[in-house]
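See below for run-v3.cif, which holds mmCIF, C-alpha atoms.
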data_model
#
loop_
_atom_site.label_atom_id
_atom_site.label_comp_id
_atom_site.auth_asym_id
_atom_site.auth_seq_id
_atom_site.Cartn_x
_atom_site.Cartn_y
_atom_site.Cartn_z
CA MET A 1 148.47 56.13 141.68
CA ARG A 2 145.72 58.24 143.20
CA ARG A 3 143.21 55.58 142.21
CA LEU A 4 145.40 52.90 143.81
CA LEU A 5 145.45 54.82 147.08
CA GLN A 6 141.66 54.92 147.14
CA HIS A 7 141.45 51.16 147.60
CA GLY A 8 142.21 49.00 150.62
CA ARG A 9 142.86 45.28 150.60
CA GLU A 10 141.65 44.51 147.07
CA LEU A 11 142.56 46.30 143.85
CA PRO A 12 139.87 46.09 141.16
CA PRO A 13 141.13 43.87 138.31
CA SER A 14 140.57 46.68 135.82
CA LEU A 15 142.82 49.03 137.81
CA ARG A 16 145.51 46.38 138.19
CA SER A 17 145.45 45.71 134.44
CA ASP A 18 145.55 49.43 133.68
CA ILE A 19 148.60 49.95 135.88
CA LEU A 20 150.46 46.94 134.50
CA SER A 21 149.69 47.94 130.91
CA ARG A 22 151.66 51.16 131.40
CA GLY A 23 154.91 49.25 131.92
CA SER A 24 157.99 51.30 132.80
CA GLU A 25 155.91 54.47 133.12
CA VAL A 26 154.54 53.34 136.49
CA VAL A 27 157.73 51.87 138.00
CA ALA A 28 158.99 55.10 139.61
CA PRO A 29 155.59 56.04 141.14
CA LEU A 30 155.17 52.51 142.49
CA ILE A 31 158.66 52.62 144.02
CA ALA A 32 157.72 55.92 145.68
CA LEU A 33 154.65 54.29 147.25
CA LEU A 34 156.68 51.28 148.41
CA ALA A 35 159.42 53.47 149.91
CA ASP A 36 157.05 55.64 151.97
CA PRO A 37 156.89 54.07 155.48
CA SER A 38 154.08 56.42 156.48
CA LEU A 39 151.79 54.42 154.15
CA ASP A 40 152.37 51.24 156.19
CA ASP A 41 150.03 52.40 158.94
CA VAL A 42 146.45 51.15 158.98
CA ASP A 43 145.30 54.73 159.56
CA ALA A 44 147.13 55.99 156.46
CA VAL A 45 145.44 56.60 153.13
CA GLY A 46 144.90 53.18 151.57
CA GLU A 47 144.61 51.58 155.03
CA GLY A 48 148.22 50.38 154.91
CA TYR A 49 147.75 48.35 151.72
CA ALA A 50 149.37 50.77 149.25
CA PRO A 51 152.96 49.46 149.81
CA LEU A 52 151.65 45.88 149.49
CA HIS A 53 150.02 46.65 146.15
CA ALA A 54 153.17 48.46 145.01
CA ALA A 55 155.37 45.45 145.88
CA GLN A 56 153.03 43.04 144.09
CA LEU A 57 152.84 45.20 140.96
CA LEU A 58 156.60 45.80 140.84
CA GLY A 59 157.10 42.04 141.07
CA GLU A 60 154.69 41.45 138.21
CA LEU A 61 156.42 44.13 136.15
CA ARG A 62 159.81 42.43 136.76
CA ALA A 63 161.36 45.87 137.18
CA PRO A 64 165.09 45.49 138.00
CA GLU A 65 165.27 49.07 139.29
CA ALA A 66 162.86 48.00 142.04
CA ILE A 67 165.32 45.50 143.57
CA GLY A 68 167.02 48.05 145.82
CA PRO A 69 163.76 49.56 147.11
CA LEU A 70 162.29 46.08 147.65
CA LEU A 71 165.34 45.01 149.68
CA GLU A 72 165.11 48.24 151.66
CA ALA A 73 161.40 47.61 152.33
CA LEU A 74 162.32 44.16 153.60
CA SER A 75 164.39 45.79 156.35
CA ARG A 76 161.38 47.61 157.82
CA THR A 77 159.08 44.60 158.09
CA GLU A 78 159.37 41.06 159.42
CA PRO A 79 157.94 37.55 158.91
CA GLY A 80 154.26 37.32 159.68
CA TYR A 81 153.38 40.66 158.11
CA LEU A 82 151.73 40.88 154.70
CA LEU A 83 154.26 43.40 153.39
CA TYR A 84 157.08 40.99 154.20
CA GLU A 85 155.48 38.19 152.22
CA ASP A 86 154.67 40.41 149.23
CA VAL A 87 158.18 41.87 149.11
CA ARG A 88 159.69 38.38 149.34
CA CYS A 89 157.49 37.12 146.49
CA ALA A 90 158.42 40.10 144.33
CA LEU A 91 162.13 39.55 144.93
CA GLU A 92 161.87 35.83 144.15
CA GLY A 93 160.28 36.71 140.82
CA LEU A 94 163.25 38.91 139.92
CA GLY A 95 165.64 35.93 140.05
CA SER A 96 169.38 36.25 139.56
CA ALA A 97 169.35 40.05 139.35
CA VAL A 98 168.66 40.16 143.10
CA VAL A 99 171.84 38.30 144.11
CA PRO A 100 174.52 41.04 143.73
CA GLN A 101 172.53 43.65 145.66
CA ALA A 102 171.52 41.16 148.37
CA PHE A 103 175.18 40.21 148.90
CA ALA A 104 176.22 43.87 148.98
CA LEU A 105 173.69 44.54 151.75
CA LEU A 106 174.70 41.35 153.57
CA ALA A 107 178.29 42.62 153.72
CA ARG A 108 177.20 45.96 155.21
CA THR A 109 174.57 45.03 157.78
CA GLU A 110 175.12 43.57 161.22
CA GLU A 111 171.43 43.41 162.21
CA PRO A 112 170.71 39.68 162.74
CA GLY A 113 167.09 39.75 161.62
CA TYR A 114 167.85 41.57 158.38
CA ARG A 115 170.75 39.25 157.65
CA GLU A 116 168.36 36.30 158.02
CA ASP A 117 165.98 37.97 155.58
CA LEU A 118 168.74 38.54 153.01
CA LEU A 119 169.95 34.95 153.29
CA CYS A 120 166.38 33.77 152.79
CA VAL A 121 166.15 35.91 149.64
CA LEU A 122 169.38 34.36 148.34
CA ALA A 123 168.19 30.84 149.08
CA HIS A 124 164.96 31.47 147.15
CA SER A 125 166.61 33.28 144.22
CA GLY A 126 166.97 30.10 142.17
CA VAL A 127 170.64 30.91 141.60
CA LYS A 128 173.25 28.22 142.27
CA GLU A 129 176.48 29.90 143.31
CA GLU A 130 179.14 28.60 145.65
CA ARG A 131 179.13 31.81 147.69
CA ILE A 132 175.41 31.39 148.36
CA PHE A 133 175.90 27.81 149.52
CA GLU A 134 178.80 28.84 151.75
CA ALA A 135 176.79 31.70 153.25
CA LEU A 136 173.91 29.36 154.07
CA CYS A 137 176.25 26.81 155.66
CA GLU A 138 177.81 29.60 157.72
CA GLN A 139 174.32 30.58 158.87
CA LEU A 140 173.77 26.99 160.04
CA ARG A 141 177.04 27.03 162.00
CA THR A 142 176.73 30.43 163.63
CA GLY A 143 173.14 31.67 163.39
CA ASP A 144 169.61 30.52 164.06
CA GLY A 145 169.42 26.92 162.89
CA VAL A 146 165.69 26.97 162.09
CA PRO A 147 165.84 29.45 159.18
CA ALA A 148 169.24 28.05 158.17
CA ALA A 149 167.83 24.53 157.77
CA ALA A 150 164.86 25.88 155.79
CA ASN A 151 167.18 27.92 153.55
CA LEU A 152 169.46 24.96 152.82
CA ALA A 153 166.45 22.79 151.99
CA GLU A 154 165.14 25.48 149.64
CA TYR A 155 168.56 25.98 148.03
CA GLY A 156 168.54 22.29 147.18
CA ASP A 157 172.20 21.24 147.23
CA PRO A 158 172.61 17.65 148.55
CA ARG A 159 176.04 18.60 149.93
CA ALA A 160 174.12 20.28 152.77
CA ILE A 161 173.03 16.86 154.08
CA GLU A 162 176.38 16.35 155.86
CA PRO A 163 176.40 19.62 157.89
CA LEU A 164 172.68 19.24 158.62
CA THR A 165 173.23 15.67 159.88
CA GLN A 166 176.13 16.79 162.05
CA ALA A 167 174.05 19.61 163.52
CA LEU A 168 171.20 17.21 164.31
CA SER A 169 173.52 14.64 165.89
CA THR A 170 175.19 17.14 168.22
CA LEU A 171 172.06 19.09 169.16
CA GLU A 172 171.07 19.04 172.83
CA LEU A 173 167.33 18.73 173.45
CA GLU A 174 165.54 21.51 175.33
CA PRO A 175 163.01 20.94 178.11
CA PRO A 176 159.59 20.55 176.44
CA ASP A 177 158.03 23.46 178.33
CA ARG A 178 157.51 25.86 175.42
CA PRO A 179 155.04 25.57 172.51
CA PHE A 180 157.82 25.26 169.91
CA ALA A 181 160.53 23.64 172.02
CA ASN A 182 163.01 21.61 169.95
CA GLN A 183 161.66 22.99 166.68
CA LEU A 184 165.22 22.82 165.36
CA VAL A 185 165.10 19.00 165.55
CA ILE A 186 162.06 18.97 163.28
CA GLU A 187 163.56 21.51 160.87
CA LEU A 188 166.93 19.74 160.58
CA ALA A 189 165.31 16.34 160.07
CA GLY A 190 162.92 17.75 157.48
CA ALA A 191 165.74 19.45 155.57
CA ILE A 192 167.83 16.26 155.50
CA GLU A 193 164.94 14.23 154.11
CA GLU A 194 163.94 16.95 151.65
CA LEU A 195 167.47 16.91 150.22
CA GLY A 196 167.33 13.13 149.74
CA GLY A 197 169.12 12.05 152.91
CA SER A 198 167.97 9.61 155.56
CA LEU A 199 167.96 9.79 159.33
CA GLU A 200 170.09 7.54 161.50
CA PRO A 201 168.25 5.41 164.11
CA LEU A 202 169.23 7.72 166.97
CA GLN A 203 168.06 10.73 164.99
CA GLN A 204 164.77 9.02 164.18
CA ALA A 205 164.26 8.31 167.89
CA ARG A 206 164.98 11.95 168.76
CA LEU A 207 162.50 13.15 166.16
CA ALA A 208 159.82 10.76 167.38
CA LEU A 209 160.34 11.93 170.98
CA VAL A 210 160.05 15.60 170.02
CA LYS A 211 156.88 14.98 168.01
CA LYS A 212 155.37 13.04 170.93
CA GLN A 213 156.21 15.88 173.32
CA ARG A 214 154.81 18.39 170.80
CA GLU A 215 151.53 16.52 170.52
CA LYS A 216 151.20 16.29 174.29
CA SER A 217 151.91 20.01 174.66
CA ARG A 218 149.41 20.88 171.95
CA LEU A 219 146.71 18.81 173.64
CA GLU A 220 147.43 20.47 176.99
CA ARG A 221 147.18 23.95 175.43
CA LEU A 222 143.89 23.01 173.78
CA LEU A 223 142.45 21.79 177.06
CA ARG A 224 143.55 24.98 178.82
CA ALA A 225 141.99 27.09 176.07
CA LEU A 226 138.72 25.19 176.25
CA SER A 227 138.53 25.67 180.01
CA ALA A 228 139.35 29.40 179.85
CA ALA A 229 136.56 31.93 180.39
CA ARG A 230 137.77 34.22 177.61
CA PRO A 231 138.20 33.66 173.86
CA ILE A 232 141.58 32.77 172.38
CA LYS A 233 143.41 35.81 171.06
CA ARG A 234 143.97 35.66 167.33
CA GLN A 235 147.64 36.11 166.50
CA GLU A 236 149.51 37.35 163.44
CA ARG A 237 150.04 34.79 160.69
CA PRO A 238 153.58 33.35 160.66
CA GLY A 239 155.93 33.64 157.71
CA ARG A 240 155.87 30.92 155.07
CA ASN A 241 158.98 29.19 156.40
CA ASP A 242 158.12 29.61 160.07
CA PRO A 243 156.55 26.79 162.13
CA CYS A 244 152.81 26.64 161.58
CA TRP A 245 150.69 28.29 164.26
CA CYS A 246 148.88 24.99 164.91
CA GLY A 247 151.95 23.50 166.62
CA SER A 248 152.49 20.68 164.12
CA GLY A 249 156.15 21.61 163.62
CA VAL A 250 155.66 21.69 159.86
CA LYS A 251 156.46 24.87 157.91
CA TYR A 252 153.47 27.19 157.63
CA LYS A 253 153.56 27.05 153.80
CA LYS A 254 153.15 23.25 153.92
CA CYS A 255 150.48 23.24 156.61
CA HIS A 256 147.78 25.90 157.10
CA LEU A 257 148.89 28.65 154.68
CA SER A 258 146.51 27.66 151.87
CA ALA A 259 143.59 27.19 154.25
CA ASP A 260 144.24 30.56 155.93
CA ARG A 261 144.38 32.33 152.57
CA GLY A 262 141.04 30.76 151.71
#
Rewritten as structure tokens:
Amino acid sequence: MRRLLQHGRELPPSLRSDILSRGSEVVAPLIALLADPSLDDVDAVGEGYAPLHAAQLLGELRAPEAIGPLLEALSRTEPGYLLYEDVRCALEGLGSAVVPQAFALLARTEEPGYREDLLCVLAHSGVKEERIFEALCEQLRTGDGVPAAANLAEYGDPRAIEPLTQALSTLELEPPDRPFANQLVIELAGAIEELGGSLEPLQQARLALVKKQREKSRLERLLRALSAARPIKRQERPGRNDPCWCGSGVKYKKCHLSADRG
């Protein structure tokens, strides 16, 4: 663990292999690193990468005792941060064992952002349970429709086509004065098609209008940036299921994620 803390972004392959070869012996120390929020800071020992390495290694070890600490770590980060993505990947790798604890936390927390995170974990767990499907449909009805549509598409139950279609048909369009205005239209339409459904003519027209407005807005922002006297500020990377930073309306994981990692 001391050797792990001596490294920043990259762990030497030999050190990674050494840690993983020790199996259950290293689970508790790795959990301690993950659970220490003081190590998140870029000025901390390890330059803030120690919890990231711990999450990755715990995921590779498939340690069920790490589920609780991983879910807890999820509550102190958010989409767009590297720790969030590494914790999410580790939880996805733990499969069905994550579901009971995620539901227990979902029943206890009222914080909207954390509830979204837990529902996302459930959608990506690979488990097909009626209570998961019902929770995701409830998120579509009462919560933020963008993550709800992405979660239902990931969950993969064609029964979601009907509520997604109804949500798209009754949705009122926003004025196209924001970079991601009417993103919900794109997300709902994409989820319907991903689940094997088809868009009605009116829905197709709505989607085409939003994409046209999006392209116009993107061009206007580009022209403003080119005419500015200062460089464009680089922003945090979005989460995998968030709209891509380029303004295409496509999920980040299906657009620029691979290129950005490269």
> Could you pull the residues within 9 Å of stretch 85-102 of chain A, counting all atoms listed in the file, minus those fewer than 4 positions along the same chain, as number ranges by chain?
Replying inline: A: 52-53, 55-60, 62-64, 66-68, 70-71, 73-74, 78-81, 106-107, 117-122, 124-127, 132, 239-240
> Got a sec to resolve the PyMOL selection byres ((chain A and resi 181) around 12) on this structure and send the residues as a list in words?
Replying inline: Val146, Glu172, Leu173, Glu174, Pro175, Pro176, Asp177, Arg178, Pro179, Phe180, Asn182, Gln183, Leu184, Val185, Ile186, Glu187, Leu209, Val210, Lys211, Lys212, Gln213, Arg214, Glu215, Ser217, Arg218, Pro243, Gly247, Ser248 and Gly249 of chain A
> If you apply the PyMOL selection byres ((chain A and resi 189-194) around 8) to this file, what residues do you get, as a list in words?
Replying inline: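 Output from the PyMOL selection byres ((chain A and resi 189-194) around 8), applied to this file: Ala149, Ala150, Leu152, Ala153, Ala160, Ile161, Leu164, Thr165, Leu168, Val185, Ile186, Glu187, Leu188, Leu195, Gly196, Gly197, Ser198, Leu199, Gln203 and Leu207 of chain A.
Remark: for A:Phe133, the closest of the candidate residues A:Arg76, A:Lys216, A:Arg16, A:Arg159 is A:Arg159 (distances computed over all atoms listed in the file).
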> Exactly which residues make up the result of the PyMOL selection byres ((chain A and resi 252-259) around 7) on this file, given as a PyMOL selection string?
Replying inline: chain A and resi 238-244+250-251+260-262
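Note that atom CA of A:Gly145 and atom CA of A:Arg206 are 16.7 Å apart.
Between atom CA of A:Leu34 and atom CA of A:Ile19 there is a distance of 15.0 Å.
Atom CA of A:Arg237 lies 18.7 Å from atom CA of A:Glu10.
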>> Here is a test: counting all atoms listed in the file, which residue of A:Glu47, A:Asp36, A:Asp144, A:Asp41 is nearest to A:Leu5?
In response: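 For A:Leu5, the nearest of the given residues is A:Glu47.
Close contacts of A:Ser17, defined as residues with an atom at most 12 Å away when counting all atoms listed in the file, with chain neighbours fewer than 4 positions off set aside, comprise Leu4, Leu11, Pro12, Pro13, Ser21, Arg22, Gly23, Leu57, Glu60 and Leu61 of chain A.
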The centre and edge lengths of an axis-aligned box containing all atoms of stretch 201-214 of chain A present in the file, extended by 6 Å on each side, are to be given in Å to one decimal, as lines of an AutoDock Vina configuration file.
center_x = 162.0
center_y = 11.9
center_z = 168.7
size_x = 26.4
size_y = 25.0
size_z = 21.2
> What's the 6 Å shell around A:Gly46, counting only C-alpha atoms, without same-chain residues fewer than 6 positions away, as JSON, numbers by chain?
Replying inline: {"A": [5, 6, 7, 8]}
> Which is closer to A:Thr170 than all the others in A:Leu136, A:Leu202, A:Val26, A:Ala148, using only C-alpha atoms?
Replying inline: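 Looking only at the distances to A:Thr170, the closest residue turns out to be A:Leu202.
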